[in-house]
Amino acid sequence: MIGGLFIYNHKGEVLISRVYRDDIGRNAVDAFRVNVIHARQQVRSPVTNIARTSFFHVKRSNIWLAAVTKQNVNAAMVFEFLYKMCDVMTAYFGKISEENIKNNFVLIYELLDEILDFGYPQNSETGALKTFITQQGIKGQTKEEQSQITSQVTGQIGWRREGIKYRRNELFLDVLESVNLLMSPQGQVLSAHVSGRVVMKSYLSGMPECKFGMNDKIVIDKQGKGAASDDAGKSSGKQSIAIDDCTFHQCVRLSKFDSERSISFIPPDGEYELMRYRTTKDIILPFRVIPLVREVGRTKLEVKVVIKSNFKPSLLAQKIEVRIPTPLNTSGVQVICMKGKAKYKASENAIVWKIKRMAGMKESQISAEIELLPTNDKKKWARPPISMNFEVPFAPSGLKVRYLKVFESKLNYSDHDVIKWVRYIGRSGIYETRC
Amino acid sequence: MQHYGCRQPLNSKEEENPPTCMERSPTQLCCRLARDVTGISKMPAVSKGDGMRGLAVFISDIRNCKSKEAEVKRINKELANIRSKFKGDKALDGYSKKKYVCKLLFIFLLGHDIDFGHMEAVNLLSSNKYTEKQIGYLFISVLVNSNSDLISLINNGIKNDLASRNPTFMNLALHCIANVGSREMAEAFASQIPSILVAGDTMDSVKQSAALCLLRLNRTSPDLVPMGEWTARVVHLLNDQHLGVVTAAASLITTLAQKSPEDFKTSISLAVARLSRIVTSASIDLQDYTYYFVAAPWLSVKLLRLLQCYPPPEDAALRSRLTECLETILNKAQEPPKSKKVQHSNAKNAVLFEAIALIIHHDSEPTLLVRACNQLGQFLQHRETNLRYLALESMCTLASSEFSHEAVKTHIDTVINALKTERDVSVRQRAVDLLYAMCDRSNAKQIVAEMLSYLENADYSIREEMVLKVAILAEKYAVDYTWYVDTILNLIRIAGDYVSEEVWYRVIQIVINQDDVQGYAAKTVFEALQAPACHENLVKVGGYILGEFGNLIAGDSRSSPLVQFNLLHSKFHLCSVPTRALLLSAYIKFINLFPEVKATIQDVLRSDSQLRNADVELQQRAIEYLRLSCIASTDILATVLEEMPPFPERESSILAKLKKKKGPGNLPDIDDTRWNVNGSAEHSEDTESTNKVTPHHPFTDLLNLNSTPSAGASLLVDVLSDISTPAPITVSEDNFSRFVCKNNGVIYEDQLLQIGLKAEYRQNLGRIYVFYGNKTSTQFLSFSSSVTSSDTLKTHILSTAVDPTVDGGAQLQQVVNIECLSDFTDAPVLDIQFRYGGTLQKIAVKLPVMLNKFFQPTEMTSQDFFQRWKQLGVPQQEVQTIFKAQHPMDTDVTNAKILGFGVALLIGVDPNPANFVGAGVIHTKNTQVGCLLRLEPNTQAQMYRLTLRTSRESVSQRLCDLLSDQF
């Protein structure tokens, strides 16, 4: 059970301090500041034990969030809560920054009262919270509305209230993936995985029952077997993907997923994350980086990097950024590139090459001459990998949304009347190639 | 530590003075660098316009960084900028070079690695501007490590500056040498600096720096600083006009004088003269060197320390002058303070304490010692904790002086009071030390009682030490044994956890050896055991003593045998295994002492918790004791379970002392040869840090079980060993060579005594049974024996049965254990002494322990033998002798001798059947030495040729010597 929650700025000043249990005293606030924020050696562990008190912290830009407890709690639960807390705060006032926190401290205390009771996490669903914690001040609420809130919060479907009405029933599905890669200089994949999220924004009336389907290999194979058709199995084999593991929003009926592997749920109103998943097989790598580093004597280094886009020519990748590390004794850099802009950033010890857009099946290259200052340090340069950032309009894992059906028996709209949008975005996670 | 607060201002003053600043921490530098730049600098040479704007901007940028990451980014950017500037396409002017080097230095001090810019820094050395040169030197002393390839360039720069005759530049160069202080620096400049130091035309400030630089080099690599004619002239620097030079020189001379006191003897008179001038001067005379109304405190302290390197001056005039000085210092301490500032009293007290240290060191002027003691007595109640601490510490050393011991003793009440009321632990610890030091027979009871009562709430950190101190004092000054027993039992009761094994062993030894105290001890432990919660150590003592002497109190119905047994057994289950084992032995002794409780005890022994105990030792004891009690008759029981014989007196020197004190004829007071807590011998070695708490562990040797007297700390002076300094007596080795090939026989015989031996050897261990036969009809009195051996051979006498008396015609057996650590040549010597008819007889016999005794025979085939023979082909490994036969050349006898030598006799190995071939391995603790031997007889010439090959040269030689005498 969380004993208290503190928010610090980068200097270690306390912005928010909320204590839930008596075993946490004021000195805990200082202990964390002294031993973690101001520690002489950077503290890398997210969990710190100081005088039999455990501190769990996450850092968002310059802000430290620390949960404190004296008991033996489930650390994963605490971190899940801290991340959720960050999400809630972002949903309320945008970026988590010192200024935003100072401006919204009343709201934050209100939120903290709501989402933690005596150290036990409660409903932290933004949609539900927004119905009774508002930034507009207290609206005159009727008795009816108040009782509705009570019944909703304490009821079975805590994430959705009754009586929602929209003129247009709409829903938006975003498949957001980040692809991680480590490749050898020769182009051999050393490790690759995709972690993805399905985010849904729903504007649906009543209490609709939804069913979500995707090209999950297990489901497709099962159906293929049911149809007992061999070529169906073969053709779907290409289309389906193997999901290594996935987690769902609390609205999804897990019992149904376990038995039938079908994803059915009553969605919360507004935006939320339906599921998270991870795949490691058959990943489409959107870019290939081919590095060429040549050392010319002790004082010069020639670098040539070619990037190749590896997807349909009709698609456009965006926000491409290649980061080529330079040795620590670089004294000057000349860069020539065909496309985009490249610059030597001394403060980051890297050449940063930016390209706004790039179509599929194209290639581009950059060459750089790096001058080195001779040093008396005999250590060889470690050659850190070349990293890359990009955004592509497809899912590198190959995930496809097959359907999302909406059933609302009480109100007079059917699945066909709902307007549905699907969007795929693939981003780079840690996308590195050794050189 | 706070207690050394007094010393702090002394050292910090040195750092305030720019010319003497030798060491600086990086943070200080960092601040200074920033301060220099931002224009608050006090350095005269940095004019305001000279401040480096770029550096100031950079530093303020760094300071304004919001996060660590931002700082790293800013630094990376700056490093890239500096690299591009240092690239070398265009020449940089001195100013920008200085600026960039400064930035690099700042970045380095923030904790980042700097791997370039050294060249630029070295270039700065040749600049003519002070600031540029200074930054260059700063960079070099902070960043350049000694194995850099730039070192020759740097040395060149330094050399130029030393030769420049510009005092500022010379100072910079000297500071750099001292700050780096490496061997290379010493090699390059150690010969040059003395000449600068003693040259007539050198400026004062340079002399000062040169002296301190030389001091540093002397500390880091003393072997490289040449001693020469300059040493004589350095002494005269004590006469210098400039007090700064004198201060620096005093430090240097003190260090040098510690190394070679003879060379600097002349400094005594100069130091005394200088000291007296300072002490008698009015406070205004010394101008800059008067510190809060105290005249040159640093110099005074240093001079006093210098004088502590030497014994009191022999010249009477000089001596009286020094005494006068010391008196003046003591007088000044009595004067009311001239200022309320803490600096004033600190400086004054620093001089005073150093003067007292000198008085103690000289230990020759009773009046001064007593005055010092009184002065310290005043400090004992001072409200400054540091002063109380230092006073107690100095008093400890004063207590060891015969002149002031009595004076110290007058403060006993104050010290005891300090022990009770003092808030600071470390001061209490000093108080304990002082009490221990001032203890003698007259006040032992009081002090031991006070220490015992303090022990109850003493700090855990000092309890163990206190327990040992109490134990030692109690034994050392015990007037009667009942007091001693009471004290130790109290000690166990109060601080049982801290009572080490030796302490309670000692009580038992004393109780067993002293008949008159046995009954009292039994009664006391019985009463002590009544307490509901006793410490395990108390149970051990109780078990042992009741087991031995329970019968002495069994007459009382309150302590009847059954009550005693039940009392002991009630503690049994709460104790650890060793204690239980001891208690089981006590029970079986009870069976012997009190047949009436036999059944009860047998029941206990028979219970499953004993007979089936998980611990093998307990189980075995229970079973054995049970069988013993069932089977054996009372006679046998009585013999087996006889009262323990008294412990041999030899084992404790303390005991011998104790006895003498009890004896009617009052012997010369031995305990006046006082032990040193902070011995004066140590003191002179350690003048650098008289404040350091000298660690003393005289207690480890409390029992003095290993018969060597405790070294260093002369706490437990081994009285017995003093008496028995052996007069040179000839060592008998007549029969020695007869034992080379056999293990049993008579080694020594004269008209009084016959000594027979029986030896067994296994691998590197051996056991010799020595039989002493008294051939006369009268008793040998105070018979004792000891074995001395070289350190490669460990001998240990199991002197179980060496009785001090040997009846006429009787035989006495003794066992000597031997362990061979590595190869050796010298055999151990057995020293025996006894009184026969009133005269002391001393006999020394060489015990026949030779290297070959540790042979293990090795059988091998002919092929193996010759293969190994070839492997040991190095000339040093082979030893060969040709010698004439002394005995008839009988094959069987020779065979037996070779077998007796310890090697395996290999038959059919040598192509010539007449030759003898043997192989074996010598086992020592450290190594094993393989050995091959070949003996070729020549019957016609009556000659033998003996060849030995072993993996070790010394072994081959020794074996050859041993064996060649046998045929």
# chains A, B, ... in the order shown; residues from 1 in each chain; ligands from 1
>>> interface_residues(of="chain A", to="chain B", cutoff="10 Å", atoms="only C-alpha atoms", output="list of chain:residue names")
A:His10, A:Lys11, A:Gln42, A:Ser61, A:Asn62, A:Leu328, A:Asn329, A:Thr330, A:Ser331, A:Gly332, A:Val333, A:Lys345, A:Ala346, A:Ser347, A:Glu348, A:Asn349, A:Glu371, A:Leu372, A:Leu373, A:Pro374, A:Thr375, A:Asn376, A:Asp377, A:Lys378
>>> select_by_dssp(residues="segment 206-410 of chain A", states="strand (DSSP E or B)", output="NGL selection string")
:A and (209-214 or 216 or 241 or 245-248 or 252 or 263-265 or 270-279 or 287-296 or 300-309 or 316-325 or 330-337 or 341-345 or 350-359 or 363-372 or 386-392 or 401-407)
>>> residues_around(residues="Ala904 of chain B", least_positions_apart="4", cutoff="7 Å", atoms="only C-alpha atoms", output="PyMOL selection string")
chain B and resi 857-859+899+918-920
>>> residues_around(residues="segment 514-529 of chain B", least_positions_apart="6", cutoff="8 Å", atoms="only C-alpha atoms", output="number ranges by chain")
B: 481-482, 485-486, 489, 538-539, 541-542, 545-546, 549-550, 552-553, 559, 564, 567-568
>>> write_last_selection(atoms="N, CA and C atoms", output="mmCIF file, in the first residue's frame")
data_model
loop_
_atom_site.group_PDB
_atom_site.id
_atom_site.type_symbol
_atom_site.label_atom_id
_atom_site.label_comp_id
_atom_site.auth_asym_id
_atom_site.auth_seq_id
_atom_site.Cartn_x
_atom_site.Cartn_y
_atom_site.Cartn_z
ATOM 1 N N TYR B 481 42.711 -13.285 46.695
ATOM 2 C CA TYR B 481 42.060 -13.895 45.560
ATOM 3 C C TYR B 481 40.548 -13.797 45.624
ATOM 4 N N THR B 482 39.994 -13.669 46.826
ATOM 5 C CA THR B 482 38.534 -13.580 46.876
ATOM 6 C C THR B 482 38.073 -12.309 46.153
ATOM 7 N N VAL B 485 38.238 -13.045 42.458
ATOM 8 C CA VAL B 485 37.140 -13.881 41.981
ATOM 9 C C VAL B 485 35.860 -13.066 41.926
ATOM 10 N N ASP B 486 35.606 -12.292 42.966
ATOM 11 C CA ASP B 486 34.414 -11.446 42.983
ATOM 12 C C ASP B 486 34.392 -10.522 41.774
ATOM 13 N N LEU B 489 33.765 -12.358 38.465
ATOM 14 C CA LEU B 489 32.379 -12.817 38.359
ATOM 15 C C LEU B 489 31.452 -11.642 38.105
ATOM 16 N N LEU B 538 29.181 -17.227 32.610
ATOM 17 C CA LEU B 538 29.058 -17.508 34.036
ATOM 18 C C LEU B 538 28.701 -18.980 34.234
ATOM 19 N N VAL B 539 27.828 -19.490 33.352
ATOM 20 C CA VAL B 539 27.454 -20.904 33.446
ATOM 21 C C VAL B 539 28.693 -21.769 33.244
ATOM 22 N N VAL B 541 31.885 -20.973 33.854
ATOM 23 C CA VAL B 541 32.721 -20.911 35.052
ATOM 24 C C VAL B 541 32.073 -21.709 36.173
ATOM 25 N N GLY B 542 30.750 -21.513 36.306
ATOM 26 C CA GLY B 542 30.009 -22.203 37.368
ATOM 27 C C GLY B 542 30.103 -23.701 37.209
ATOM 28 N N ILE B 545 33.699 -24.909 38.027
ATOM 29 C CA ILE B 545 34.124 -24.804 39.433
ATOM 30 C C ILE B 545 33.302 -25.726 40.320
ATOM 31 N N LEU B 546 31.983 -25.786 40.087
ATOM 32 C CA LEU B 546 31.174 -26.689 40.909
ATOM 33 C C LEU B 546 31.567 -28.130 40.632
ATOM 34 N N PHE B 549 34.923 -28.380 42.583
ATOM 35 C CA PHE B 549 34.956 -28.086 44.030
ATOM 36 C C PHE B 549 33.572 -27.997 44.652
ATOM 37 N N GLY B 550 32.580 -28.589 43.984
ATOM 38 C CA GLY B 550 31.223 -28.540 44.532
ATOM 39 C C GLY B 550 31.158 -29.181 45.907
ATOM 40 N N LEU B 552 33.075 -28.828 48.290
ATOM 41 C CA LEU B 552 33.492 -27.930 49.371
ATOM 42 C C LEU B 552 32.308 -27.189 49.983
ATOM 43 N N ILE B 553 31.238 -27.074 49.220
ATOM 44 C CA ILE B 553 30.087 -26.360 49.780
ATOM 45 C C ILE B 553 28.900 -27.288 49.953
ATOM 46 N N SER B 559 23.022 -25.759 49.741
ATOM 47 C CA SER B 559 23.724 -26.066 48.505
ATOM 48 C C SER B 559 24.113 -27.537 48.493
ATOM 49 N N GLN B 564 22.731 -28.249 43.839
ATOM 50 C CA GLN B 564 23.764 -27.787 42.897
ATOM 51 C C GLN B 564 23.485 -28.293 41.491
ATOM 52 N N LEU B 567 20.480 -26.755 39.908
ATOM 53 C CA LEU B 567 20.771 -25.370 39.511
ATOM 54 C C LEU B 567 21.499 -25.355 38.176
ATOM 55 N N LEU B 568 22.518 -26.184 38.071
ATOM 56 C CA LEU B 568 23.276 -26.215 36.818
ATOM 57 C C LEU B 568 22.395 -26.695 35.677
#
>>> residues_around(residues="Val19 of chain A", least_positions_apart="3", cutoff="12 Å", atoms="only C-alpha atoms", output="ChimeraX atom specification")
/A:1-7,16,22-29,66-69,109,112-113,116-119
>>> write_last_selection(atoms="N, CA, C and O atoms", output="CSV table (one decimal), in the first residue's frame")
chain,number,residue,atom,x,y,z
A,1,MET,N,0.8,-1.2,0.0
A,1,MET,CA,0.0,0.0,0.0
A,1,MET,C,0.9,1.2,0.0
A,1,MET,O,1.8,1.3,0.8
A,2,ILE,N,0.5,2.1,-0.8
A,2,ILE,CA,1.4,3.3,-1.0
A,2,ILE,C,1.1,4.2,0.2
A,2,ILE,O,0.0,4.5,0.6
A,3,GLY,N,2.2,4.6,0.9
A,3,GLY,CA,2.1,5.4,2.1
A,3,GLY,C,2.0,6.9,1.8
A,3,GLY,O,1.4,7.7,2.6
A,4,GLY,N,2.6,7.3,0.7
A,4,GLY,CA,2.5,8.7,0.3
A,4,GLY,C,3.0,8.9,-1.1
A,4,GLY,O,3.6,8.0,-1.7
A,5,LEU,N,2.8,10.1,-1.6
A,5,LEU,CA,3.2,10.4,-2.9
A,5,LEU,C,3.7,11.8,-3.0
A,5,LEU,O,3.1,12.8,-2.5
A,6,PHE,N,4.9,12.0,-3.5
A,6,PHE,CA,5.5,13.3,-3.6
A,6,PHE,C,5.9,13.6,-5.0
A,6,PHE,O,6.3,12.7,-5.8
A,7,ILE,N,5.8,14.9,-5.4
A,7,ILE,CA,6.2,15.3,-6.7
A,7,ILE,C,7.3,16.4,-6.4
A,7,ILE,O,7.0,17.4,-5.7
A,16,ILE,N,4.3,18.8,-4.7
A,16,ILE,CA,3.1,18.1,-4.2
A,16,ILE,C,3.5,17.1,-3.2
A,16,ILE,O,4.4,16.3,-3.4
A,22,ASP,N,0.1,6.9,8.2
A,22,ASP,CA,0.8,7.5,9.3
A,22,ASP,C,2.3,7.1,9.4
A,22,ASP,O,3.1,7.8,10.0
A,23,ASP,N,2.6,5.9,8.8
A,23,ASP,CA,4.0,5.5,9.0
A,23,ASP,C,5.0,6.3,8.1
A,23,ASP,O,6.2,6.1,8.2
A,24,ILE,N,4.5,7.2,7.2
A,24,ILE,CA,5.3,8.0,6.4
A,24,ILE,C,5.4,9.4,7.1
A,24,ILE,O,4.3,10.0,7.2
A,25,GLY,N,6.6,9.8,7.5
A,25,GLY,CA,6.7,11.1,8.1
A,25,GLY,C,7.2,12.1,7.1
A,25,GLY,O,7.5,11.8,5.9
A,26,ARG,N,7.4,13.4,7.6
A,26,ARG,CA,7.9,14.4,6.8
A,26,ARG,C,9.3,14.2,6.3
A,26,ARG,O,9.7,14.6,5.3
A,27,ASN,N,10.0,13.5,7.2
A,27,ASN,CA,11.5,13.3,6.9
A,27,ASN,C,11.7,12.4,5.6
A,27,ASN,O,12.7,12.4,5.0
A,28,ALA,N,10.6,11.6,5.3
A,28,ALA,CA,10.7,10.8,4.1
A,28,ALA,C,10.9,11.7,2.8
A,28,ALA,O,11.7,11.3,1.9
A,29,VAL,N,10.3,12.8,2.9
A,29,VAL,CA,10.4,13.8,1.7
A,29,VAL,C,11.9,14.2,1.5
A,29,VAL,O,12.4,14.1,0.4
A,66,ALA,N,7.4,10.4,-6.9
A,66,ALA,CA,7.9,9.3,-6.0
A,66,ALA,C,6.8,8.8,-5.2
A,66,ALA,O,6.1,9.6,-4.5
A,67,ALA,N,6.6,7.5,-5.2
A,67,ALA,CA,5.6,6.9,-4.3
A,67,ALA,C,6.4,6.3,-3.2
A,67,ALA,O,7.5,5.7,-3.4
A,68,VAL,N,6.0,6.4,-1.9
A,68,VAL,CA,6.7,6.0,-0.8
A,68,VAL,C,5.9,4.9,0.0
A,68,VAL,O,4.7,5.1,0.1
A,69,THR,N,6.6,3.9,0.5
A,69,THR,CA,5.9,3.0,1.4
A,69,THR,C,6.8,2.3,2.3
A,69,THR,O,8.0,2.2,2.1
A,109,TYR,N,-4.3,17.7,-6.1
A,109,TYR,CA,-4.7,17.1,-4.8
A,109,TYR,C,-6.0,16.5,-4.9
A,109,TYR,O,-6.3,15.4,-4.2
A,112,LEU,N,-5.6,13.2,-6.5
A,112,LEU,CA,-4.9,12.3,-5.6
A,112,LEU,C,-5.9,11.7,-4.5
A,112,LEU,O,-5.8,10.6,-4.2
A,113,ASP,N,-6.8,12.6,-4.1
A,113,ASP,CA,-7.8,12.1,-3.1
A,113,ASP,C,-8.7,11.1,-3.8
A,113,ASP,O,-9.1,10.2,-3.1
A,116,LEU,N,-6.5,7.5,-5.0
A,116,LEU,CA,-5.8,6.6,-4.0
A,116,LEU,C,-6.7,6.8,-2.7
A,116,LEU,O,-6.9,7.9,-2.3
A,117,ASP,N,-7.1,5.7,-2.1
A,117,ASP,CA,-7.8,5.8,-0.9
A,117,ASP,C,-7.0,5.0,0.1
A,117,ASP,O,-6.8,3.8,0.0
A,118,PHE,N,-6.4,5.7,1.1
A,118,PHE,CA,-5.6,5.1,2.2
A,118,PHE,C,-4.5,4.2,1.6
A,118,PHE,O,-4.2,3.1,2.0
A,119,GLY,N,-4.0,4.7,0.4
A,119,GLY,CA,-2.9,4.1,-0.2
A,119,GLY,C,-3.3,3.0,-1.2
A,119,GLY,O,-2.5,2.4,-1.8
>>> residues_around(residues="segment 184-196 of chain A", least_positions_apart="5", cutoff="7 Å", atoms="only C-alpha atoms", output="PyMOL selection string")
chain A and resi 176-179+276-280+291+397+433-435
>>> write_last_selection(atoms="N, CA, C and O atoms", output="PDB file, in the first residue's frame")
ATOM      1  N   LEU A 176      -0.883   2.052 -32.933  1.00  0.00           N
ATOM      2  CA  LEU A 176       0.404   2.750 -32.781  1.00  0.00           C
ATOM      3  C   LEU A 176       1.467   1.725 -32.435  1.00  0.00           C
ATOM      4  O   LEU A 176       1.329   0.990 -31.465  1.00  0.00           O
ATOM      5  N   GLU A 177       2.503   1.670 -33.231  1.00  0.00           N
ATOM      6  CA  GLU A 177       3.537   0.679 -32.979  1.00  0.00           C
ATOM      7  C   GLU A 177       4.887   1.361 -32.881  1.00  0.00           C
ATOM      8  O   GLU A 177       5.135   2.358 -33.547  1.00  0.00           O
ATOM      9  N   SER A 178       5.754   0.804 -32.057  1.00  0.00           N
ATOM     10  CA  SER A 178       7.135   1.273 -32.115  1.00  0.00           C
ATOM     11  C   SER A 178       8.017   0.070 -32.368  1.00  0.00           C
ATOM     12  O   SER A 178       7.862  -0.979 -31.738  1.00  0.00           O
ATOM     13  N   VAL A 179       8.898   0.226 -33.349  1.00  0.00           N
ATOM     14  CA  VAL A 179       9.709  -0.893 -33.777  1.00  0.00           C
ATOM     15  C   VAL A 179      11.131  -0.694 -33.263  1.00  0.00           C
ATOM     16  O   VAL A 179      11.709   0.385 -33.387  1.00  0.00           O
ATOM     17  N   ARG A 276      -2.469  -3.530 -25.413  1.00  0.00           N
ATOM     18  CA  ARG A 276      -1.047  -3.427 -25.714  1.00  0.00           C
ATOM     19  C   ARG A 276      -0.567  -4.794 -26.131  1.00  0.00           C
ATOM     20  O   ARG A 276      -1.055  -5.803 -25.605  1.00  0.00           O
ATOM     21  N   TYR A 277       0.368  -4.850 -27.026  1.00  0.00           N
ATOM     22  CA  TYR A 277       0.862  -6.151 -27.443  1.00  0.00           C
ATOM     23  C   TYR A 277       2.327  -6.039 -27.860  1.00  0.00           C
ATOM     24  O   TYR A 277       2.882  -4.947 -27.979  1.00  0.00           O
ATOM     25  N   ARG A 278       2.893  -7.205 -28.119  1.00  0.00           N
ATOM     26  CA  ARG A 278       4.298  -7.236 -28.501  1.00  0.00           C
ATOM     27  C   ARG A 278       4.476  -8.373 -29.493  1.00  0.00           C
ATOM     28  O   ARG A 278       3.919  -9.467 -29.315  1.00  0.00           O
ATOM     29  N   THR A 279       5.213  -8.136 -30.560  1.00  0.00           N
ATOM     30  CA  THR A 279       5.511  -9.220 -31.501  1.00  0.00           C
ATOM     31  C   THR A 279       7.002  -9.232 -31.772  1.00  0.00           C
ATOM     32  O   THR A 279       7.674  -8.194 -31.683  1.00  0.00           O
ATOM     33  N   THR A 280       7.508 -10.415 -32.103  1.00  0.00           N
ATOM     34  CA  THR A 280       8.940 -10.518 -32.398  1.00  0.00           C
ATOM     35  C   THR A 280       9.197 -11.209 -33.725  1.00  0.00           C
ATOM     36  O   THR A 280      10.338 -11.261 -34.170  1.00  0.00           O
ATOM     37  N   PRO A 291      26.096   1.373 -42.966  1.00  0.00           N
ATOM     38  CA  PRO A 291      27.170   2.292 -42.575  1.00  0.00           C
ATOM     39  C   PRO A 291      28.500   1.890 -43.201  1.00  0.00           C
ATOM     40  O   PRO A 291      28.737   0.712 -43.506  1.00  0.00           O
ATOM     41  N   SER A 397       4.472  -4.539 -37.543  1.00  0.00           N
ATOM     42  CA  SER A 397       4.256  -5.917 -37.108  1.00  0.00           C
ATOM     43  C   SER A 397       3.382  -6.667 -38.104  1.00  0.00           C
ATOM     44  O   SER A 397       3.326  -7.894 -38.077  1.00  0.00           O
ATOM     45  N   THR A 433      21.840   0.601 -35.723  1.00  0.00           N
ATOM     46  CA  THR A 433      22.694  -0.237 -36.553  1.00  0.00           C
ATOM     47  C   THR A 433      24.126  -0.003 -36.119  1.00  0.00           C
ATOM     48  O   THR A 433      24.566   1.145 -36.006  1.00  0.00           O
ATOM     49  N   ARG A 434      24.836  -1.074 -35.848  1.00  0.00           N
ATOM     50  CA  ARG A 434      26.237  -0.905 -35.435  1.00  0.00           C
ATOM     51  C   ARG A 434      27.080  -0.534 -36.631  1.00  0.00           C
ATOM     52  O   ARG A 434      26.796  -0.947 -37.757  1.00  0.00           O
ATOM     53  N   CYS A 435      28.146   0.219 -36.358  1.00  0.00           N
ATOM     54  CA  CYS A 435      29.004   0.576 -37.483  1.00  0.00           C
ATOM     55  C   CYS A 435      30.451   0.181 -37.201  1.00  0.00           C
ATOM     56  O   CYS A 435      30.765  -0.249 -36.110  1.00  0.00           O
TER      57      CYS A 435
END
>>> residues_around(residues="Ala295 of chain B", least_positions_apart="4", cutoff="7 Å", atoms="only C-alpha atoms", output="list in words")
Ile278, Ser283, Leu286, Tyr289, Thr290 and Tyr291 of chain B
>>> write_last_selection(atoms="N, CA, C and O atoms", output="PDB file, in the first residue's frame")
ATOM      1  N   ILE B 278      60.941  33.886  20.822  1.00  0.00           N
ATOM      2  CA  ILE B 278      59.505  34.011  20.545  1.00  0.00           C
ATOM      3  C   ILE B 278      58.725  34.105  21.841  1.00  0.00           C
ATOM      4  O   ILE B 278      57.857  34.956  22.023  1.00  0.00           O
ATOM      5  N   SER B 283      53.994  40.739  22.321  1.00  0.00           N
ATOM      6  CA  SER B 283      53.174  40.203  21.244  1.00  0.00           C
ATOM      7  C   SER B 283      53.248  41.056  19.979  1.00  0.00           C
ATOM      8  O   SER B 283      52.958  40.577  18.895  1.00  0.00           O
ATOM      9  N   LEU B 286      56.393  40.635  16.643  1.00  0.00           N
ATOM     10  CA  LEU B 286      56.466  39.753  15.495  1.00  0.00           C
ATOM     11  C   LEU B 286      55.509  40.152  14.384  1.00  0.00           C
ATOM     12  O   LEU B 286      55.415  39.489  13.365  1.00  0.00           O
ATOM     13  N   TYR B 289      53.248  37.777  12.359  1.00  0.00           N
ATOM     14  CA  TYR B 289      53.249  36.422  12.881  1.00  0.00           C
ATOM     15  C   TYR B 289      52.634  36.311  14.262  1.00  0.00           C
ATOM     16  O   TYR B 289      52.766  35.314  14.934  1.00  0.00           O
ATOM     17  N   THR B 290      51.989  37.360  14.678  1.00  0.00           N
ATOM     18  CA  THR B 290      51.237  37.268  15.922  1.00  0.00           C
ATOM     19  C   THR B 290      49.801  36.937  15.571  1.00  0.00           C
ATOM     20  O   THR B 290      49.182  37.628  14.762  1.00  0.00           O
ATOM     21  N   TYR B 291      49.330  35.863  16.135  1.00  0.00           N
ATOM     22  CA  TYR B 291      48.008  35.369  15.766  1.00  0.00           C
ATOM     23  C   TYR B 291      47.124  35.480  16.981  1.00  0.00           C
ATOM     24  O   TYR B 291      47.326  34.789  17.979  1.00  0.00           O
TER      25      TYR B 291
END
>>> atom_distance(atom1="atom CA of Arg321 of chain B", atom2="atom CA of Arg277 of chain B")
10.6 Å
>>> closest_residue(among="B:Arg53, B:Leu963, B:Ser585, B:Trp504", to="Ser96 of chain B", atoms="only C-alpha atoms")
B:Arg53
>>> atom_distance(atom1="atom CA of Pro194 of chain B", atom2="atom CA of Phe169 of chain B")
17.4 Å
>>> select_by_dssp(residues="segment 162-240 of chain A", states="helix (DSSP H, G or I)", output="list in words")
Lys217, Ile218, Val219, Ile220, Asp221, Lys222, Gln223, Gly224, Lys225, Gly226, Ala227, Asp230, Asp231, Ala232, Gly233, Lys234, Ser235, Ser236, Gly237, Lys238 and Gln239 of chain A
>>> closest_residue(among="A:Val175, A:Ile430, A:Leu399, A:Val352", to="Asn215 of chain A", atoms="only C-alpha atoms")
A:Leu399
>>> atom_distance(atom1="atom CA of Gly157 of chain B", atom2="atom CA of Ala250 of chain B")
29.5 Å
>>> closest_residue(among="B:Asp497, B:Asp556, B:Asp608, B:Glu120", to="Lys98 of chain B", atoms="only C-alpha atoms")
B:Glu120
